[in-house]
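Asks: Just one file: data_37.txt, with compact mmCIF, C-alpha atoms.
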# COMPACT_ATOMS: atom_id res chain seq x y z
CA MET X 7 32.78 40.76 103.40
CA LYS X 8 35.89 40.26 101.31
CA ARG X 9 37.82 43.36 100.30
CA ARG X 10 37.23 42.71 96.60
CA THR X 11 33.47 42.33 97.12
CA LEU X 12 33.37 45.52 99.14
CA LEU X 13 35.28 47.35 96.41
CA ALA X 14 32.93 45.99 93.73
CA SER X 15 29.89 47.08 95.80
CA ILE X 16 31.28 50.60 96.08
CA LEU X 17 32.07 50.67 92.35
CA LEU X 18 28.55 49.55 91.39
CA LEU X 19 26.95 52.13 93.67
CA ALA X 20 29.25 54.84 92.30
CA ALA X 21 28.46 53.85 88.70
CA CYS X 22 24.71 54.03 89.44
CA LEU X 23 25.06 57.46 91.04
CA LEU X 24 27.20 58.69 88.15
CA LEU X 25 24.64 57.57 85.56
CA PHE X 26 21.82 59.11 87.61
CA GLY X 27 23.74 62.40 87.65
CA VAL X 28 24.51 62.25 83.91
CA TYR X 29 20.83 61.59 83.16
CA HIS X 30 19.69 64.61 85.17
CA MET X 31 22.42 66.84 83.81
CA PHE X 32 21.91 66.10 80.11
CA SER X 33 18.21 65.29 79.83
CA PRO X 34 16.36 68.12 78.10
CA ASP X 35 14.13 70.22 80.38
CA THR X 36 10.45 70.81 79.82
CA ASN X 37 8.85 74.28 79.98
CA ASN X 38 5.33 75.67 79.85
CA GLU X 39 6.09 78.56 77.48
CA LEU X 40 3.96 79.01 74.35
CA LYS X 41 5.41 77.06 71.42
CA HIS X 42 4.38 76.24 67.87
CA VAL X 43 4.50 72.50 67.21
CA THR X 44 3.51 70.42 64.18
CA VAL X 45 2.55 66.75 64.25
CA SER X 46 2.16 64.80 61.01
CA VAL X 47 0.32 61.51 60.85
CA VAL X 48 1.51 59.07 58.21
CA ALA X 49 -0.20 55.72 57.52
CA ASP X 50 0.68 54.20 54.15
CA SER X 51 -0.46 56.81 51.60
CA TYR X 52 -2.49 58.79 54.18
CA VAL X 53 -0.77 61.96 55.44
CA ASN X 54 -2.34 64.58 57.69
CA SER X 55 -0.68 67.48 59.46
CA HIS X 56 -1.73 69.16 62.72
CA SER X 57 -0.22 72.43 63.94
CA ALA X 58 -0.82 73.90 67.37
CA ASP X 59 0.23 76.78 69.59
CA THR X 60 0.53 75.08 72.92
CA ARG X 61 1.85 75.31 76.44
CA ALA X 62 2.00 71.53 76.68
CA GLU X 63 5.35 70.39 78.07
CA THR X 64 5.63 66.96 76.49
CA LEU X 65 4.60 65.36 73.22
CA TYR X 66 2.15 63.16 75.12
CA ALA X 67 0.45 66.21 76.64
CA LEU X 68 0.12 67.80 73.18
CA LEU X 69 -1.25 64.60 71.61
CA GLU X 70 -3.82 64.43 74.40
CA GLU X 71 -4.64 68.11 73.93
CA LEU X 72 -5.23 67.51 70.20
CA GLN X 73 -7.11 64.28 71.02
CA LEU X 74 -5.01 62.54 68.41
CA VAL X 75 -4.07 59.29 70.09
CA GLU X 76 -5.43 56.32 71.94
CA GLY X 77 -3.22 54.00 73.90
CA GLU X 78 -2.50 52.27 77.12
CA GLN X 79 -0.32 52.93 80.11
CA SER X 80 2.31 50.30 80.75
CA ALA X 81 5.29 49.99 83.05
CA TYR X 82 7.36 51.37 80.14
CA GLY X 83 5.15 54.48 79.79
CA PHE X 84 2.29 55.39 77.45
CA PHE X 85 2.04 53.04 74.48
CA ILE X 86 0.27 54.51 71.42
CA THR X 87 -2.15 52.01 69.89
CA ALA X 88 -4.12 54.30 67.53
CA VAL X 89 -3.66 57.72 65.94
CA GLU X 90 -6.64 59.59 64.47
CA GLY X 91 -8.58 56.36 65.02
CA ILE X 92 -6.14 54.36 62.87
CA ALA X 93 -5.20 51.38 65.03
CA ALA X 94 -1.91 49.54 64.76
CA ASP X 95 -2.55 45.86 64.09
CA GLU X 96 -0.40 43.89 66.51
CA GLY X 97 -0.96 40.73 64.48
CA LEU X 98 0.81 42.42 61.57
CA GLN X 99 3.55 43.71 63.93
CA GLN X 100 2.39 47.29 63.34
CA TRP X 101 3.27 50.10 65.73
CA TRP X 102 3.29 53.89 65.77
CA CYS X 103 6.82 55.19 65.37
CA ILE X 104 7.66 58.69 66.65
CA THR X 105 10.26 60.66 64.68
CA ARG X 106 11.11 64.36 64.43
CA ASP X 107 12.30 66.78 61.73
CA GLY X 108 11.63 64.48 58.80
CA GLY X 109 12.56 61.08 60.15
CA GLN X 110 15.16 61.65 62.87
CA PRO X 111 14.72 58.93 65.51
CA VAL X 112 13.22 59.90 68.87
CA ASN X 113 14.58 57.64 71.58
CA THR X 114 12.07 58.59 74.23
CA GLY X 115 8.41 57.74 74.70
CA ALA X 116 5.76 60.42 74.08
CA GLU X 117 5.56 61.13 77.82
CA SER X 118 9.26 61.85 78.16
CA THR X 119 9.72 63.78 74.91
CA PRO X 120 9.88 67.49 75.76
CA LEU X 121 8.48 70.08 73.35
CA ARG X 122 10.42 73.02 71.94
CA ASP X 123 9.17 75.90 69.81
CA GLY X 124 9.22 74.93 66.13
CA ASP X 125 9.27 71.17 66.73
CA VAL X 126 7.97 68.99 63.91
CA PHE X 127 7.05 65.41 64.79
CA GLU X 128 5.90 62.53 62.62
CA LEU X 129 3.75 59.65 63.84
CA THR X 130 4.21 56.90 61.30
CA LEU X 131 2.40 53.58 61.18
CA THR X 132 5.31 51.17 60.91
CA GLN X 133 5.36 47.46 60.24
CA GLY X 134 7.88 45.07 61.81
CA TRP X 135 9.39 45.21 65.29
CA MET C 15 20.78 23.25 76.15
CA GLY C 16 17.73 23.55 73.89
CA LEU C 17 15.51 23.05 76.93
CA ILE C 18 17.37 25.73 78.88
CA GLY C 19 16.98 28.12 75.92
CA GLY C 20 13.23 27.40 75.73
CA LEU C 21 12.69 27.69 79.49
CA THR C 22 14.64 30.95 79.54
CA THR C 23 12.35 32.36 76.84
CA ALA C 24 9.26 31.27 78.80
CA ALA C 25 10.62 32.85 81.99
CA GLN C 26 11.47 36.06 80.11
CA LEU C 27 7.99 36.26 78.58
CA ALA C 28 6.39 35.71 82.00
CA MET C 29 8.32 38.68 83.40
CA ALA C 30 8.06 40.88 80.28
CA PRO C 31 5.47 43.29 81.78
CA LEU C 32 8.09 44.41 84.32
CA PRO C 33 10.44 46.95 82.69
CA ASN C 34 13.94 45.49 82.44
CA ILE C 35 13.35 43.07 85.31
CA GLU C 36 14.31 39.76 83.76
CA PRO C 37 15.56 36.29 84.72
CA VAL C 38 17.73 35.83 81.60
CA SER C 39 20.94 37.32 83.05
CA LEU C 40 20.61 35.08 86.11
CA ILE C 41 20.14 31.95 84.00
CA PHE C 42 22.89 32.61 81.45
CA LEU C 43 25.43 33.80 84.02
CA LEU C 44 24.93 30.76 86.23
CA CYS C 45 24.60 28.28 83.35
CA GLY C 46 27.78 29.77 81.88
CA ALA C 47 29.48 29.18 85.25
CA THR C 48 28.24 25.58 85.46
CA PHE C 49 28.18 24.30 81.88
CA GLY C 50 30.77 26.64 80.36
CA LEU C 51 30.67 27.53 76.68
CA GLN C 52 28.07 24.82 75.94
CA THR C 53 25.59 27.39 77.26
CA LEU C 54 26.15 29.38 74.06
CA PHE C 55 23.79 26.88 72.39
CA ALA C 56 21.08 27.72 74.93
CA ALA C 57 21.72 31.42 74.29
CA ALA C 58 21.39 30.82 70.53
CA VAL C 59 18.02 29.09 71.04
CA PHE C 60 16.84 31.93 73.28
CA VAL C 61 17.92 34.65 70.83
CA LEU C 62 16.24 32.88 67.92
CA LEU C 63 13.00 32.39 69.87
CA GLU C 64 13.02 36.07 70.93
CA GLY C 65 13.26 37.04 67.27
CA LEU C 66 10.40 34.72 66.33
CA VAL C 67 8.20 36.08 69.14
CA PHE C 68 8.99 39.80 68.92
CA GLY C 69 10.28 40.14 65.36
CA PHE C 70 13.79 40.67 64.06
CA GLY C 71 14.09 44.41 64.67
CA PRO C 72 17.39 46.28 65.09
CA TRP C 73 17.40 45.48 68.84
CA TRP C 74 17.53 41.77 67.97
CA PHE C 75 20.98 42.09 66.42
CA SER C 76 22.34 43.38 69.73
CA TYR C 77 21.13 40.13 71.34
CA LEU C 78 23.60 38.29 69.11
CA TYR C 79 26.46 39.59 71.25
CA LEU C 80 24.75 40.58 74.53
CA TRP C 81 23.58 37.14 75.67
CA PRO C 82 26.71 35.27 74.56
CA LEU C 83 28.57 37.91 76.61
CA ALA C 84 26.54 36.92 79.71
CA VAL C 85 27.50 33.29 79.10
CA LEU C 86 31.18 34.22 78.70
CA LEU C 87 31.10 36.31 81.89
CA GLY C 88 29.56 33.39 83.76
CA ALA C 89 32.23 31.02 82.45
CA LEU C 90 34.98 33.51 83.25
CA PHE C 91 33.84 33.95 86.88
CA ARG C 92 32.97 30.25 87.39
CA ARG C 93 35.21 29.92 90.45
CA MET C 94 33.53 32.85 92.19
CA GLU C 95 31.35 31.80 95.13
CA GLY C 96 28.66 33.55 97.14
CA ALA C 97 25.37 35.29 96.35
CA LEU C 98 26.66 38.84 96.85
CA PRO C 99 29.61 38.70 94.40
CA TRP C 100 27.34 37.15 91.75
CA ALA C 101 24.63 39.72 92.46
CA LEU C 102 27.22 42.46 91.92
CA LEU C 103 28.36 40.90 88.63
CA SER C 104 24.75 40.61 87.45
CA GLY C 105 24.13 44.21 88.56
CA PHE C 106 27.11 45.48 86.54
CA TYR C 107 25.90 43.51 83.52
CA GLY C 108 22.39 44.99 83.85
CA LEU C 109 23.78 48.50 84.20
CA ALA C 110 25.92 48.15 81.07
CA PHE C 111 23.19 46.40 79.05
CA GLY C 112 21.63 49.55 77.58
CA THR C 113 24.96 51.05 76.53
CA LEU C 114 26.12 47.77 74.98
CA SER C 115 22.83 47.31 73.13
CA ALA C 116 23.01 50.89 71.81
CA LEU C 117 26.28 50.01 70.05
CA ILE C 118 24.12 48.49 67.33
CA PHE C 119 22.95 52.02 66.40
CA LEU C 120 26.48 53.31 65.77
CA PRO C 121 26.67 52.13 62.12
CA PHE C 122 23.15 53.45 61.36
CA GLY C 123 22.87 56.71 63.27
CA GLY C 124 26.41 57.55 64.31
CA VAL C 125 27.67 58.79 67.65
CA ALA C 126 24.79 61.24 68.19
CA LEU C 127 22.14 58.53 68.01
CA PHE C 128 24.29 56.24 70.17
CA PHE C 129 24.61 58.81 72.96
CA SER C 130 20.97 59.90 72.83
CA THR C 131 19.90 56.24 73.03
CA VAL C 132 22.21 55.63 75.99
CA LEU C 133 21.01 58.79 77.75
CA SER C 134 17.31 58.08 77.33
CA GLY C 135 17.86 54.49 78.49
CA ILE C 136 19.59 55.34 81.79
CA PRO C 137 16.44 55.01 83.98
CA PHE C 138 15.87 51.54 82.48
CA ASP C 139 19.54 50.62 83.00
CA LEU C 140 19.26 51.55 86.68
CA LEU C 141 16.14 49.38 86.97
CA HIS C 142 17.94 46.58 85.12
CA CYS C 143 20.87 46.83 87.54
CA GLY C 144 18.62 46.76 90.63
CA GLY C 145 16.48 43.93 89.24
CA ASN C 146 19.47 41.81 88.26
CA PHE C 147 21.11 42.39 91.64
CA ALA C 148 17.99 41.43 93.61
CA ILE C 149 17.08 38.40 91.49
CA MET C 150 20.62 37.00 91.70
CA LEU C 151 20.81 37.64 95.44
CA LEU C 152 17.54 35.74 95.94
CA CYS C 153 18.05 32.89 93.46
CA TYR C 154 21.81 32.28 93.47
CA ARG C 155 21.93 29.54 96.11
CA PRO C 156 18.99 27.36 94.96
CA LEU C 157 19.75 27.72 91.24
CA ARG C 158 23.50 27.14 91.56
CA ARG C 159 22.81 24.02 93.68
CA LEU C 160 20.28 22.75 91.12
CA LEU C 161 22.56 23.38 88.13
CA ARG C 162 25.54 21.73 89.83
CA ARG C 163 23.54 18.50 90.01
CA TYR C 164 23.51 18.39 86.20
CA GLY C 165 26.81 20.07 85.45
CA PRO C 166 30.31 18.59 85.30
CA PRO C 167 32.12 18.17 88.66
CA ASP C 168 34.06 21.29 89.74
Take the structure in the file and write it out as structure tokens.

Replies:
Amino acid sequence: MKRRTLLASILLLAACLLLFGVYHMFSPDTNNELKHVTVSVVADSYVNSHSADTRAETLYALLEELQLVEGEQSAYGFFITAVEGIAADEGLQQWWCITRDGGQPVNTGAESTPLRDGDVFELTLTQGW
Amino acid sequence: MGLIGGLTTAAQLAMAPLPNIEPVSLIFLLCGATFGLQTLFAAAVFVLLEGLVFGFGPWWFSYLYLWPLAVLLGALFRRMEGALPWALLSGFYGLAFGTLSALIFLPFGGVALFFSTVLSGIPFDLLHCGGNFAIMLLCYRPLRRLLRRYGPPD
């Protein structure tokens, strides 16, 4: 193996390990303490709010606990297809968007979104990918 | 080039169920190495078709610079030979993909949204890196040989 190739191999491995470490260091932890969490469902003019005192650790666990969502498991994680029985129409490019605290983007799927006391989430039926 | 763009889209759609395991980096890197900047036309066709299939969401705008970048990298490293060096290049590209695509969020959500997007995407970047590395390692020899038949002489 050429020296440059060997060096590049080491660099790539080091970069992967560094990112792995950064992910574990900065990713928020889950906990099973009691927390008060609110989830609002928004579909066009329909708005409904659900509050719960829960020990669920992730948003997905809470949504399951409240029996709010239907969906399917994929290689990317749980994909929400319906909330409160309101199904997203794929033909219209509709999907359920998760935000928090009045519209702040959530960059994680429901399964990897940890819950904290006082969290407020919105599930909004959104059109256009 | 139009045909390469169309075939790349078909190949990408076929592998879409696998998270961040894709043949697009392989094709654009090696086509960039063989056909040079002409491959940008294939990348343009691919990016347009992706928008038509999946919609023109914010992610789509990052494709406007990400896939041309793969072509440019391929053209830049065109004299490099061997499956392992190309697999490493493709691996680096896959690892950086998430961070580069998150740049599109900087004007909308600022640095905080950029970093949170990068952080939450790290597991997918690692998969992308591994997938790119393995696919290039497996396909480099047959695909490079095939493309050289149609490309200009070295």

Asks: Could you jot down the atom CA of Phe138 of chain C to atom CA of Pro33 of chain C separation for me, Å, one decimal place?

Replies: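 The value is 7.1 Å.
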
Asks: Quick check: residues of chain C within 9 Å of chain X, all atoms listed in the file, returned as a ChimeraX atom specification.

Replies: /C:31-33,68-73,98-99,102-103,105-106,109,123,127,130-131,133-140,143

Asks: Between atom CA of Val126 of chain X and atom CA of Asp59 of chain X, what is the distance, to one decimal in Å?

Replies: 12.4 Å

Asks: For atom CA of Glu39 of chain X and atom CA of Thr87 of chain X, determine how far apart the two atoms are, in Å to one decimal place.

Replies: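 Result for atom CA of Glu39 of chain X versus atom CA of Thr87 of chain X: 28.8 Å, one decimal.
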
Asks: Taking all atoms listed in the file into account, which of X:Glu96, X:Glu117, X:His42, X:Asp107 comes nearest Ala67 of chain X?

Replies: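 Closest to Ala67 of chain X, using all atoms listed in the file: X:Glu117.
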
Asks: Using only C-alpha atoms, which of C:Gly112, C:Val132, C:Thr23, C:Thr48 sits nearest Val67 of chain C?

Replies: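 Closest to Val67 of chain C, using only C-alpha atoms: C:Thr23.
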
Asks: Taking all atoms of segment 67-79 of chain C that the file lists and extending 8 Å past them on each side, where is the centre of the axis-aligned box and how long are its edges? Answer in Å to one decimal, as AutoDock Vina command-line options.

Replies:
--center_x 17.3 --center_y 41.2 --center_z 67.7 --size_x 34.3 --size_y 26.2 --size_z 23.3

Asks: Tell me which protein, DNA and RNA residues are within 10 Å of Tyr154 of chain C, counting all atoms listed in the file, leaving out same-chain ones fewer than 3 positions away, and put them as a VMD selection string.

Replies: chain C and resid 40 to 41 44 95 to 98 100 to 101 148 to 151 157 to 160

Asks: I need the chosen residues saved as a PDB file, in the coordinates of the input, with C-alpha atoms.

Replies:
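Okay, again.pdb is ready:
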ATOM      1  CA  LEU C  40      20.610  35.080  86.110  1.00  0.00           C
ATOM      2  CA  ILE C  41      20.140  31.950  84.000  1.00  0.00           C
ATOM      3  CA  LEU C  44      24.930  30.760  86.230  1.00  0.00           C
ATOM      4  CA  GLU C  95      31.350  31.800  95.130  1.00  0.00           C
ATOM      5  CA  GLY C  96      28.660  33.550  97.140  1.00  0.00           C
ATOM      6  CA  ALA C  97      25.370  35.290  96.350  1.00  0.00           C
ATOM      7  CA  LEU C  98      26.660  38.840  96.850  1.00  0.00           C
ATOM      8  CA  TRP C 100      27.340  37.150  91.750  1.00  0.00           C
ATOM      9  CA  ALA C 101      24.630  39.720  92.460  1.00  0.00           C
ATOM     10  CA  ALA C 148      17.990  41.430  93.610  1.00  0.00           C
ATOM     11  CA  ILE C 149      17.080  38.400  91.490  1.00  0.00           C
ATOM     12  CA  MET C 150      20.620  37.000  91.700  1.00  0.00           C
ATOM     13  CA  LEU C 151      20.810  37.640  95.440  1.00  0.00           C
ATOM     14  CA  LEU C 157      19.750  27.720  91.240  1.00  0.00           C
ATOM     15  CA  ARG C 158      23.500  27.140  91.560  1.00  0.00           C
ATOM     16  CA  ARG C 159      22.810  24.020  93.680  1.00  0.00           C
ATOM     17  CA  LEU C 160      20.280  22.750  91.120  1.00  0.00           C
TER      18      LEU C 160
END

Asks: Which of these, X:Ala116, X:Val43, X:Tyr52, X:Phe85, has the shortest distance to Thr64 of chain X once you count only C-alpha atoms?

Replies: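 Of X:Ala116, X:Val43, X:Tyr52, X:Phe85, the one nearest Thr64 of chain X is X:Ala116, counting only C-alpha atoms.
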
Asks: With distances taken over all atoms listed in the file, which residue among C:Leu117, C:Ala84, C:Ala126, C:Leu78 lies nearest Val61 of chain C?

Replies: C:Leu78

Asks: When you count all atoms listed in the file, which of these residues is closest to Ile18 of chain C: C:Leu161, C:Leu66, C:Ile118, C:Leu141?

Replies: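 Smallest distance to Ile18 of chain C is found for C:Leu161.
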
Asks: Would you pick out the contacts of Gly16 of chain C at 10 Å or less, using only C-alpha atoms, so that residues sharing its chain but fewer than 4 positions from it are not included, and give the list as JSON, numbers by chain?

Replies: {"C": [20, 21, 22, 53, 55, 56, 57, 58, 59, 60]}

Asks: Need to verify the contact set: Val45 of chain X, 7 Å, all atoms listed in the file, exclusion of same-chain residues closer than 4 positions in sequence. Can you return it as a list in words?

Replies: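 Returned residues: Ser55, His56, Ser57, Val126, Phe127 and Glu128 of chain X.
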
Asks: I need the residue nearest Glu64 of chain C from this list: C:Gly144, C:Pro166, C:Gly19, C:Pro156. Use all atoms listed in the file for the distance.

Replies: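 When distances to Glu64 of chain C are compared using all atoms listed in the file, the smallest one comes from C:Gly19.
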